[in-house]
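Text of data16.cif, listed as mmCIF, C-alpha atoms:
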```
data_data
#
loop_
_atom_site.label_atom_id
_atom_site.label_comp_id
_atom_site.auth_asym_id
_atom_site.auth_seq_id
_atom_site.Cartn_x
_atom_site.Cartn_y
_atom_site.Cartn_z
CA MET A 1 40.87 65.73 -57.67
CA ALA A 2 40.82 62.69 -55.46
CA THR A 3 39.72 60.39 -58.23
CA ALA A 4 42.36 61.71 -60.59
CA GLU A 5 45.08 61.16 -58.05
CA ASP A 6 43.80 57.74 -57.13
CA SER A 7 43.59 56.64 -60.72
CA GLY A 8 47.14 57.84 -61.23
CA LYS A 9 48.18 55.80 -58.23
CA THR A 10 46.35 52.82 -59.61
CA THR A 11 48.32 52.85 -62.81
CA LEU A 12 51.50 53.12 -60.75
CA GLU A 13 50.61 50.29 -58.43
CA SER A 14 48.93 48.08 -60.95
CA GLY A 15 52.10 46.16 -61.60
CA HIS A 16 52.26 45.03 -57.99
CA ALA A 17 48.67 44.57 -56.91
CA PRO A 18 46.18 44.90 -59.74
CA ALA A 19 43.12 43.70 -57.81
CA ALA A 20 43.83 45.44 -54.55
CA SER A 21 44.09 49.02 -55.75
CA ALA A 22 40.81 48.98 -57.64
CA PRO A 23 38.36 50.37 -55.02
CA PRO A 24 39.06 54.12 -54.82
CA VAL A 25 38.91 54.56 -58.59
CA SER A 26 35.86 56.24 -60.07
CA LEU A 27 33.62 55.18 -57.19
CA PHE A 28 32.29 58.72 -57.07
CA SER A 29 30.95 58.46 -60.60
CA ALA A 30 29.26 55.13 -59.85
CA ASP A 31 27.92 56.76 -56.70
CA LEU A 32 26.56 59.67 -58.73
CA VAL A 33 24.92 57.37 -61.28
CA LEU A 34 23.26 55.35 -58.51
CA ARG A 35 22.00 58.52 -56.85
CA LEU A 36 20.49 59.77 -60.11
CA LEU A 37 18.90 56.32 -60.56
CA LEU A 38 17.52 56.63 -57.04
CA PHE A 39 16.04 60.01 -57.92
CA ALA A 40 14.42 58.64 -61.09
CA ALA A 41 13.00 55.60 -59.28
CA SER A 42 11.61 57.57 -56.35
CA LEU A 43 10.12 60.25 -58.61
CA SER A 44 8.38 57.68 -60.82
CA ALA A 45 7.13 55.82 -57.73
CA LEU A 46 5.74 59.13 -56.44
CA VAL A 47 3.97 59.82 -59.73
CA MET A 48 2.58 56.28 -59.80
CA LEU A 49 1.26 56.64 -56.27
CA LEU A 50 -0.22 60.08 -56.79
CA THR A 51 -2.05 59.05 -59.97
CA ALA A 52 -3.51 55.95 -58.30
CA LYS A 53 -7.16 56.89 -58.24
CA GLN A 54 -10.08 54.90 -59.52
CA THR A 55 -13.82 55.04 -59.18
CA ALA A 56 -15.73 51.79 -59.33
CA ILE A 57 -19.38 50.90 -59.00
CA VAL A 58 -19.81 48.84 -55.85
CA SER A 59 -22.81 47.97 -53.73
CA VAL A 60 -22.79 50.15 -50.65
CA VAL A 61 -25.61 48.27 -48.90
CA LEU A 62 -24.95 44.59 -48.34
CA THR A 63 -28.42 43.48 -47.29
CA PRO A 64 -30.96 42.49 -49.99
CA PRO A 65 -32.16 45.89 -51.22
CA PHE A 66 -28.76 46.36 -52.86
CA ARG A 67 -27.81 49.88 -53.69
CA LEU A 68 -25.02 50.53 -56.17
CA ALA A 69 -22.93 53.66 -55.97
CA PRO A 70 -19.62 54.84 -57.37
CA VAL A 71 -16.91 54.69 -54.73
CA ALA A 72 -13.48 56.16 -55.35
CA ALA A 73 -10.32 54.47 -54.17
CA GLN A 74 -7.25 56.61 -53.68
CA PHE A 75 -4.03 56.43 -51.76
CA LYS A 76 -5.35 58.68 -48.98
CA ASP A 77 -7.67 55.90 -47.82
CA SER A 78 -4.85 53.90 -46.28
CA PRO A 79 -2.35 55.22 -43.72
CA ALA A 80 0.23 52.80 -45.11
CA LEU A 81 0.14 54.45 -48.53
CA ILE A 82 0.40 57.91 -46.96
CA TYR A 83 3.51 56.70 -45.14
CA LEU A 84 4.89 55.39 -48.43
CA LEU A 85 4.20 58.77 -50.04
CA VAL A 86 6.04 60.64 -47.28
CA ALA A 87 8.99 58.23 -47.40
CA LEU A 88 9.20 58.55 -51.18
CA CYS A 89 9.09 62.37 -50.98
CA VAL A 90 11.87 62.44 -48.40
CA THR A 91 13.99 59.96 -50.38
CA CYS A 92 13.48 61.92 -53.58
CA LEU A 93 14.67 65.12 -51.91
CA TYR A 94 17.58 63.32 -50.27
CA SER A 95 18.68 61.77 -53.58
CA LEU A 96 18.89 65.22 -55.19
CA LEU A 97 20.79 66.75 -52.26
CA SER A 98 23.18 63.83 -51.95
CA ALA A 99 23.81 63.82 -55.71
CA ALA A 100 24.80 67.47 -55.39
CA CYS A 101 27.07 66.59 -52.44
CA SER A 102 28.60 63.72 -54.38
CA LEU A 103 29.19 65.94 -57.41
CA LYS A 104 30.78 68.59 -55.22
CA SER A 105 33.03 66.18 -53.37
CA ILE A 106 34.68 65.09 -56.61
CA SER A 107 36.26 68.53 -56.84
CA MET A 108 37.11 68.77 -53.13
CA SER A 109 40.30 67.76 -51.38
CA SER A 110 40.39 64.15 -50.30
CA VAL A 111 40.13 64.92 -46.56
CA CYS A 112 36.89 66.80 -47.17
CA SER A 113 35.60 64.12 -49.52
CA ALA A 114 36.28 61.42 -46.92
CA LYS A 115 34.16 63.33 -44.43
CA THR A 116 31.40 63.79 -47.00
CA LEU A 117 31.60 60.11 -47.78
CA PHE A 118 31.24 59.23 -44.12
CA LEU A 119 28.17 61.44 -43.66
CA LEU A 120 26.64 60.13 -46.88
CA ILE A 121 27.00 56.51 -45.73
CA LEU A 122 25.30 57.27 -42.42
CA LEU A 123 22.42 58.99 -44.21
CA ASP A 124 22.24 56.19 -46.80
CA VAL A 125 21.83 53.59 -44.08
CA PHE A 126 19.20 55.72 -42.36
CA TYR A 127 17.20 56.24 -45.54
CA ALA A 128 17.55 52.57 -46.44
CA ALA A 129 15.85 51.76 -43.12
CA ILE A 130 13.06 54.28 -43.79
CA MET A 131 12.52 53.03 -47.33
CA ALA A 132 12.52 49.38 -46.22
CA SER A 133 9.90 50.00 -43.56
CA ALA A 134 7.72 51.98 -45.98
CA THR A 135 8.05 49.18 -48.53
CA GLY A 136 7.04 46.60 -45.94
CA THR A 137 4.04 48.62 -44.85
CA ALA A 138 2.76 49.33 -48.34
CA GLY A 139 3.52 45.77 -49.43
CA ALA A 140 1.45 44.36 -46.56
CA VAL A 141 -1.60 46.45 -47.39
CA ALA A 142 -1.21 45.79 -51.12
CA TRP A 143 -0.94 42.06 -50.43
CA VAL A 144 -4.14 42.06 -48.38
CA GLY A 145 -5.82 44.05 -51.15
CA LEU A 146 -4.61 41.56 -53.76
CA LYS A 147 -5.28 38.28 -51.94
CA GLY A 148 -7.68 39.20 -49.17
CA ASN A 149 -7.64 37.38 -45.86
CA SER A 150 -10.37 34.83 -45.30
CA HIS A 151 -9.59 34.39 -41.59
CA THR A 152 -10.37 37.98 -40.74
CA ARG A 153 -12.95 38.29 -43.53
CA TRP A 154 -11.13 41.04 -45.36
CA ASN A 155 -12.22 40.77 -48.99
CA LYS A 156 -9.83 41.43 -51.80
CA ILE A 157 -10.45 44.67 -53.59
CA CYS A 158 -8.16 44.34 -56.58
CA ASN A 159 -10.85 42.68 -58.71
CA LEU A 160 -12.83 45.92 -58.39
CA TYR A 161 -10.09 48.50 -58.46
CA ASP A 162 -7.71 46.92 -60.96
CA LYS A 163 -6.08 50.12 -62.22
CA PHE A 164 -5.63 51.44 -58.68
CA CYS A 165 -4.02 48.17 -57.65
CA ARG A 166 -1.66 48.19 -60.60
CA HIS A 167 -0.51 51.69 -59.72
CA VAL A 168 0.00 50.83 -56.05
CA GLY A 169 1.81 47.62 -57.01
CA ALA A 170 4.15 49.47 -59.37
CA SER A 171 4.82 52.05 -56.71
CA THR A 172 5.63 49.35 -54.15
CA PHE A 173 7.92 47.60 -56.62
CA LEU A 174 9.77 50.86 -57.28
CA ALA A 175 10.04 51.36 -53.52
CA ILE A 176 11.75 47.94 -53.30
CA VAL A 177 14.11 49.05 -56.08
CA ASN A 178 14.76 52.26 -54.12
CA SER A 179 15.72 50.43 -50.97
CA LEU A 180 17.97 48.06 -52.95
CA ILE A 181 19.71 51.06 -54.53
CA LEU A 182 20.20 52.65 -51.11
CA ILE A 183 21.72 49.44 -49.72
CA LEU A 184 23.96 49.21 -52.78
CA LEU A 185 25.05 52.83 -52.25
CA ALA A 186 25.89 52.16 -48.61
CA VAL A 187 27.87 49.04 -49.55
CA LEU A 188 29.71 50.90 -52.32
CA ASN A 189 30.66 53.82 -50.10
CA ALA A 190 31.58 51.58 -47.17
CA TYR A 191 33.83 49.59 -49.49
CA SER A 192 35.43 52.77 -50.72
CA LEU A 193 35.96 53.91 -47.11
CA TYR A 194 37.34 50.49 -46.25
CA GLY A 195 39.77 50.74 -49.16
CA ARG A 196 41.32 53.77 -47.44
CA SER A 197 41.70 52.08 -44.07
CA ARG A 198 45.10 51.88 -42.52
CA MET B 1 47.21 65.12 -49.76
CA ASP B 2 47.49 61.42 -49.08
CA GLN B 3 50.54 61.66 -46.90
CA SER B 4 50.53 58.21 -45.40
CA ARG B 5 50.95 56.58 -48.76
CA VAL B 6 53.60 59.00 -49.93
CA VAL B 7 55.75 58.47 -46.86
CA LYS B 8 55.59 54.70 -46.88
CA PRO B 9 57.54 52.69 -49.42
CA ALA B 10 55.48 51.13 -52.15
CA GLY B 11 56.28 47.56 -51.21
CA LEU B 12 55.00 47.93 -47.66
CA SER B 13 51.86 49.60 -48.89
CA ASP B 14 51.23 46.78 -51.33
CA SER B 15 51.69 44.04 -48.80
CA ARG B 16 49.31 45.85 -46.50
CA ARG B 17 46.72 46.29 -49.20
CA SER B 18 46.86 42.70 -50.34
CA GLY B 19 46.79 41.68 -46.67
CA TYR B 20 43.20 42.54 -46.06
CA ASN B 21 42.10 41.25 -49.41
CA MET B 22 43.60 37.80 -49.19
CA GLY B 23 43.85 37.48 -45.43
CA ALA B 24 46.07 34.42 -45.49
CA ALA B 25 48.98 36.29 -47.00
CA ALA B 26 49.08 38.82 -44.19
CA SER B 27 50.88 38.39 -40.90
CA GLY B 28 49.06 37.05 -37.85
CA LYS B 29 48.57 40.47 -36.33
CA GLN B 30 46.53 41.64 -39.30
CA GLN B 31 44.32 38.56 -39.53
CA GLN B 32 42.66 39.18 -36.21
CA LEU B 33 40.94 42.31 -35.05
CA SER B 34 40.71 43.44 -31.49
CA VAL B 35 37.23 42.73 -30.17
CA ASP B 36 34.90 45.70 -30.09
CA TRP B 37 32.88 44.99 -26.95
CA CYS B 38 30.21 47.56 -27.76
CA SER B 39 29.49 45.85 -31.07
CA VAL B 40 29.52 42.41 -29.42
CA ALA B 41 27.05 43.57 -26.76
CA LEU B 42 24.77 45.06 -29.42
CA ARG B 43 24.92 41.85 -31.45
CA VAL B 44 24.08 39.72 -28.42
CA PHE B 45 21.17 42.04 -27.72
CA ILE B 46 19.96 41.75 -31.35
CA LEU B 47 20.28 37.96 -31.14
CA ALA B 48 18.18 37.82 -27.96
CA ALA B 49 15.59 40.35 -29.12
CA THR B 50 14.99 38.75 -32.52
CA LEU B 51 14.79 35.30 -30.92
CA VAL B 52 12.21 36.52 -28.38
CA SER B 53 10.22 38.30 -31.07
CA ALA B 54 10.20 35.28 -33.41
CA VAL B 55 9.17 32.90 -30.61
CA VAL B 56 6.45 35.20 -29.25
CA MET B 57 5.01 35.75 -32.70
CA GLY B 58 5.44 32.10 -33.70
CA VAL B 59 3.51 30.63 -30.75
CA ASP B 60 0.91 33.40 -30.68
CA ARG B 61 -2.53 31.80 -30.84
CA GLN B 62 -5.87 32.46 -29.23
CA THR B 63 -9.23 30.71 -29.34
CA THR B 64 -12.34 32.56 -28.32
CA THR B 65 -16.02 32.00 -28.76
CA VAL B 66 -18.18 34.45 -30.60
CA GLN B 67 -21.94 34.60 -30.56
CA VAL B 68 -23.59 34.19 -33.90
CA THR B 69 -27.27 35.03 -34.23
CA ILE B 70 -28.87 33.19 -37.12
CA ALA B 71 -32.47 34.16 -36.53
CA ASP B 72 -34.26 36.08 -33.83
CA THR B 73 -36.31 33.09 -32.73
CA LEU B 74 -33.32 30.78 -32.22
CA PRO B 75 -30.86 31.18 -29.31
CA PRO B 76 -27.45 32.58 -30.37
CA LEU B 77 -24.82 29.99 -31.31
CA GLN B 78 -21.46 29.86 -29.55
CA VAL B 79 -18.86 29.39 -32.27
CA PRO B 80 -15.20 28.86 -31.30
CA VAL B 81 -12.82 30.81 -33.51
CA THR B 82 -9.03 30.64 -33.51
CA ALA B 83 -6.48 33.27 -34.43
CA LYS B 84 -2.98 32.07 -35.31
CA SER B 85 0.00 34.04 -36.52
CA SER B 86 0.32 31.72 -39.51
CA TYR B 87 -3.05 32.97 -40.78
CA SER B 88 -1.47 36.27 -41.75
CA SER B 89 1.33 36.48 -44.28
CA ALA B 90 2.77 39.61 -42.67
CA PHE B 91 3.20 37.85 -39.32
CA VAL B 92 4.82 34.86 -41.03
CA TYR B 93 7.20 37.28 -42.73
CA LEU B 94 8.05 38.81 -39.35
CA VAL B 95 8.84 35.38 -37.89
CA VAL B 96 11.02 34.42 -40.87
CA ALA B 97 12.86 37.76 -40.93
CA ASN B 98 13.51 37.61 -37.20
CA ALA B 99 14.79 34.05 -37.45
CA MET B 100 17.13 35.08 -40.29
CA ALA B 101 18.38 38.07 -38.29
CA CYS B 102 18.95 35.81 -35.28
CA VAL B 103 20.96 33.29 -37.32
CA PHE B 104 22.96 36.03 -38.98
CA SER B 105 23.83 37.76 -35.74
CA ALA B 106 25.03 34.44 -34.30
CA ALA B 107 27.20 33.97 -37.40
CA SER B 108 28.56 37.50 -37.16
CA LEU B 109 29.40 36.97 -33.48
CA ALA B 110 31.38 33.92 -34.52
CA ALA B 111 33.19 35.89 -37.23
CA CYS B 112 33.81 39.13 -35.35
CA ARG B 113 37.55 38.51 -34.93
CA SER B 114 38.51 37.71 -38.48
CA ARG B 115 39.74 40.58 -40.56
CA SER B 116 38.57 39.21 -43.91
CA ALA B 117 34.96 39.11 -42.71
CA VAL B 118 34.55 42.85 -42.12
CA VAL B 119 32.98 43.70 -45.48
CA PRO B 120 30.72 40.58 -45.72
CA VAL B 121 29.49 41.18 -42.17
CA MET B 122 28.73 44.80 -43.01
CA ILE B 123 26.78 43.82 -46.14
CA GLY B 124 24.91 41.20 -44.12
CA ASP B 125 24.17 43.82 -41.46
CA LEU B 126 22.64 46.08 -44.10
CA VAL B 127 20.50 43.29 -45.53
CA VAL B 128 19.35 42.25 -42.05
CA LEU B 129 18.53 45.87 -41.24
CA ALA B 130 16.36 46.20 -44.33
CA LEU B 131 14.70 42.83 -43.64
CA LEU B 132 13.94 43.71 -40.02
CA PHE B 133 12.52 47.13 -40.84
CA SER B 134 10.36 45.90 -43.71
CA ALA B 135 9.04 43.02 -41.58
CA VAL B 136 8.26 45.42 -38.75
CA GLY B 137 6.48 47.72 -41.20
CA ALA B 138 4.42 44.87 -42.66
CA ALA B 139 3.44 43.39 -39.29
CA ALA B 140 2.65 46.79 -37.78
CA GLU B 141 0.45 47.65 -40.75
CA PHE B 142 -1.36 44.35 -40.36
CA GLY B 143 -1.79 45.03 -36.65
CA ILE B 144 -3.16 48.51 -37.30
CA LEU B 145 -5.63 47.05 -39.80
CA GLY B 146 -6.72 44.56 -37.16
CA GLU B 147 -6.95 47.25 -34.49
CA ARG B 148 -8.81 49.86 -36.50
CA GLY B 149 -10.04 48.25 -39.67
CA ASN B 150 -10.43 50.23 -42.86
CA SER B 151 -13.86 51.65 -43.48
CA HIS B 152 -13.15 52.60 -47.10
CA VAL B 153 -12.76 49.00 -48.23
CA ARG B 154 -14.90 47.54 -45.43
CA TRP B 155 -12.22 45.60 -43.65
CA GLY B 156 -13.60 45.20 -40.14
CA LYS B 157 -11.48 45.34 -37.02
CA VAL B 158 -10.73 42.02 -35.36
CA CYS B 159 -8.79 42.98 -32.24
CA HIS B 160 -11.88 43.39 -30.06
CA VAL B 161 -12.41 39.64 -30.51
CA TYR B 162 -8.80 38.52 -30.21
CA GLY B 163 -7.52 40.85 -27.48
CA ARG B 164 -4.66 38.74 -26.13
CA PHE B 165 -3.51 37.72 -29.60
CA CYS B 166 -3.26 41.35 -30.66
CA GLU B 167 -1.35 42.34 -27.51
CA ARG B 168 1.21 39.60 -28.04
CA ALA B 169 1.59 40.49 -31.71
CA MET B 170 2.14 44.11 -30.73
CA ALA B 171 4.77 43.07 -28.18
CA ALA B 172 6.59 41.01 -30.83
CA VAL B 173 6.52 43.93 -33.27
CA ILE B 174 7.88 46.35 -30.65
CA VAL B 175 10.70 44.00 -29.62
CA SER B 176 11.55 43.50 -33.27
CA LEU B 177 11.55 47.27 -33.84
CA ILE B 178 13.97 47.73 -30.93
CA ALA B 179 16.18 45.04 -32.46
CA GLY B 180 16.06 46.92 -35.77
CA PHE B 181 17.16 50.15 -34.09
CA ALA B 182 19.96 48.29 -32.29
CA SER B 183 21.06 46.95 -35.66
CA LEU B 184 21.02 50.50 -37.07
CA VAL B 185 23.15 51.79 -34.18
CA ASN B 186 25.53 48.86 -34.56
CA LEU B 187 25.94 49.54 -38.28
CA MET B 188 26.54 53.26 -37.70
CA LEU B 189 29.16 52.48 -35.05
CA ALA B 190 30.86 50.08 -37.49
CA ILE B 191 30.92 52.82 -40.14
CA LEU B 192 32.31 55.27 -37.58
CA THR B 193 35.10 52.81 -36.74
CA LEU B 194 35.81 52.39 -40.43
CA HIS B 195 35.97 56.16 -40.83
CA LYS B 196 38.33 56.55 -37.87
CA ASN B 197 40.59 53.86 -39.29
CA SER B 198 40.67 55.49 -42.70
CA SER B 199 43.86 57.21 -43.67
CA TYR B 200 42.16 60.55 -44.24
CA TYR B 201 40.68 60.90 -40.75
#
```

Representation of the structure as structure tokens:
Amino acid sequence: MATAEDSGKTTLESGHAPAASAPPVSLFSADLVLRLLLFAASLSALVMLLTAKQTAIVSVVLTPPFRLAPVAAQFKDSPALIYLLVALCVTCLYSLLSAACSLKSISMSSVCSAKTLFLLILLDVFYAAIMASATGTAGAVAWVGLKGNSHTRWNKICNLYDKFCRHVGASTFLAIVNSLILILLAVLNAYSLYGRSR
Amino acid sequence: MDQSRVVKPAGLSDSRRSGYNMGAAASGKQQQLSVDWCSVALRVFILAATLVSAVVMGVDRQTTTVQVTIADTLPPLQVPVTAKSSYSSAFVYLVVANAMACVFSAASLAACRSRSAVVPVMIGDLVVLALLFSAVGAAAEFGILGERGNSHVRWGKVCHVYGRFCERAMAAVIVSLIAGFASLVNLMLAILTLHKNSSYY
């Protein structure tokens, strides 16, 4: 209802201020599309992270009578990746719920939709912070796994577990995309709220 | 529905709407905002905290000697080893992100009175928030790896050698985390102000 009225107003006012009256129009649909995109990205990142499991033959004894054994690498081995998993789960759930809210607020009165908008921005900012910290954490451990650190004598492991590393890398990349989408959502909704300011 | 716009004549509404978009076209009263002292105080706090965190992490360095035993017959060698924050990419990222947050919060303090800067400052706040939190996450993960190691991939712990270095790095991460939370509170207060100013409130 709000979007219909606003678009009607836009066509009325467009003669006077064509650029100024743009914001309230159809922002809810862009919002909805972004939220669905967020859901898709977080779900695929989750799947990528959960399927990251690889068994490689490595030497378990480093002194001369070398002994080779298969050692599995999975996301449970690192607390950073568990944190990423939890953050992705929470974001996935939130994207579904907020998409439902956004869909519902299209048909609500504009006072209600403004309140929903306000709550959604607060939650967007909050989840953007969570996603950003999870991305940083997983990125740090993935970077050490990829490059190693000679100063602390942490060897790189991605030459052994190449498939595992590709999965974790893809998951981290999708987490970056997730946090960018959340920031974009917050900016979009804040702009739409700002467009209604007195 | 939408009473404020219905009551006002269209011309007034238009001049008001173009006022905050162009800034220069509006009257002097609309160009400047009243100063929100809570936001200013939070920004000053963020400025100080990010500066402290960047400096503490930037100058963090420790040299200790470790004993290396080559063979049982020879006496153990004393080898000096140095830990610097620039040896770890996560700590460098923390320093850079904190410096960027510091510069941005100085810029936003300078621009807090201009009406046309509300939306750019808010976007910058969001970006700084994400930067701070991801840097804190990366540095904290690196610190935890140093503190505990990871037995699955045989990354040994290093903090029992570099005790002071690790404590300072932890202090920098905690100060930076507090700055991140202050930035979050500041952003939420800005959104609340925006909501209270909106015509539907």

Near Leu132 of chain B, within 7 Å and counting all atoms listed in the file, which residues show up once chain neighbours fewer than 3 positions away are dropped, as an mmCIF file with C-alpha atoms, keeping the file's coordinate frame?
```cif
data_model
loop_
_atom_site.group_PDB
_atom_site.id
_atom_site.type_symbol
_atom_site.label_atom_id
_atom_site.label_comp_id
_atom_site.auth_asym_id
_atom_site.auth_seq_id
_atom_site.Cartn_x
_atom_site.Cartn_y
_atom_site.Cartn_z
ATOM 1 C CA ALA B 97 12.860 37.760 -40.930
ATOM 2 C CA ASN B 98 13.510 37.610 -37.200
ATOM 3 C CA VAL B 128 19.350 42.250 -42.050
ATOM 4 C CA LEU B 129 18.530 45.870 -41.240
ATOM 5 C CA ALA B 135 9.040 43.020 -41.580
ATOM 6 C CA VAL B 136 8.260 45.420 -38.750
ATOM 7 C CA GLY B 180 16.060 46.920 -35.770
#
```

Calculated over only C-alpha atoms, which of the candidates B:Ser88, B:Val119, B:Leu94, B:Asn150 has the smallest distance to Gly195 of chain A?
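For Gly195 of chain A, the nearest of the candidates is B:Val119.
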
Which chain A residues are at most 7 Å from chain B (counting only C-alpha atoms), as a ChimeraX atom specification?
/A:16-17,20,77,80,110-111,114,118,122,128-129,132-137,139-140,151-152,154,183,187,193-194,196-198

Just say which residues the PyMOL selection byres ((chain B and resi 106-111) around 9) picks in this file, as a ChimeraX atom specification.
/B:40,43-44,47,101-105,112-115,117-118,121,124-125

Atomic separation - atom CA of Arg168 of chain B relative to atom CA of Asp60 of chain B, Å
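Atom-to-atom, atom CA of Asp60 of chain B and atom CA of Arg168 of chain B are spaced 6.7 Å apart.
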
Suppose you want the space between atom CA of Gln74 of chain A and atom CA of Ser95 of chain A; what is it in Å?
26.4 Å

Counting all atoms listed in the file, the residue of A:Leu119, A:Val71, A:Ala99, A:Ala45 that sits nearest Tyr161 of chain A:
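Using all atoms listed in the file, Tyr161 of chain A sits closest to A:Val71.
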
Output of the PyMOL selection byres ((chain A and resi 145) around 8), listed as a VMD selection string:
chain A and resid 141 to 144 146 to 148 155 to 158 165

Atom pair atom CA of Ile174 of chain B / atom CA of Ile46 of chain B: separation (Å):
12.9 Å

Shell of 9 Å around Ala99 of chain B, all atoms listed in the file, local chain residues under 5 positions omitted, as a VMD selection string
chain B and resid 50 to 51 53 to 55 94 104

Residues near Thr116 of chain A, anyone? I mean within 9 Å using only C-alpha atoms, not counting same-chain ones fewer than 3 positions away, as a PyMOL selection string.
chain A and resi 101-102+105+111-113+119-121

Would you please work out which residue, of B:Ser39, B:Val161, B:Ala169, B:Ser34, is nearest to Thr65 of chain B when using only C-alpha atoms?
B:Val161

So, with all atoms listed in the file as the atoms that count, which of A:Leu34, A:Ile181, A:Ala186, A:Met48 lies closest to Leu123 of chain A?
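Residue with the minimum atom-to-atom distance to Leu123 of chain A: A:Ala186.
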
Which residues are near Tyr94 of chain A? Cut-off 10 Å, only C-alpha atoms, ignore same chain within fewer than 4 positions. Put them as a ChimeraX atom specification.
/A:35,38-39,88-90,98-100,123-124,127

Measuring atom to atom with only C-alpha atoms, identify which of A:Leu174, A:Val33, A:Cys92, A:Leu103 is nearest to Leu117 of chain A.
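The answer is A:Leu103, which sits nearest to Leu117 of chain A.
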
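Take the candidates A:Ser78, A:Leu188, A:Ser42, A:Phe173 and check each one against Arg148 of chain B using all atoms listed in the file; the shortest distance goes to A:Ser78.
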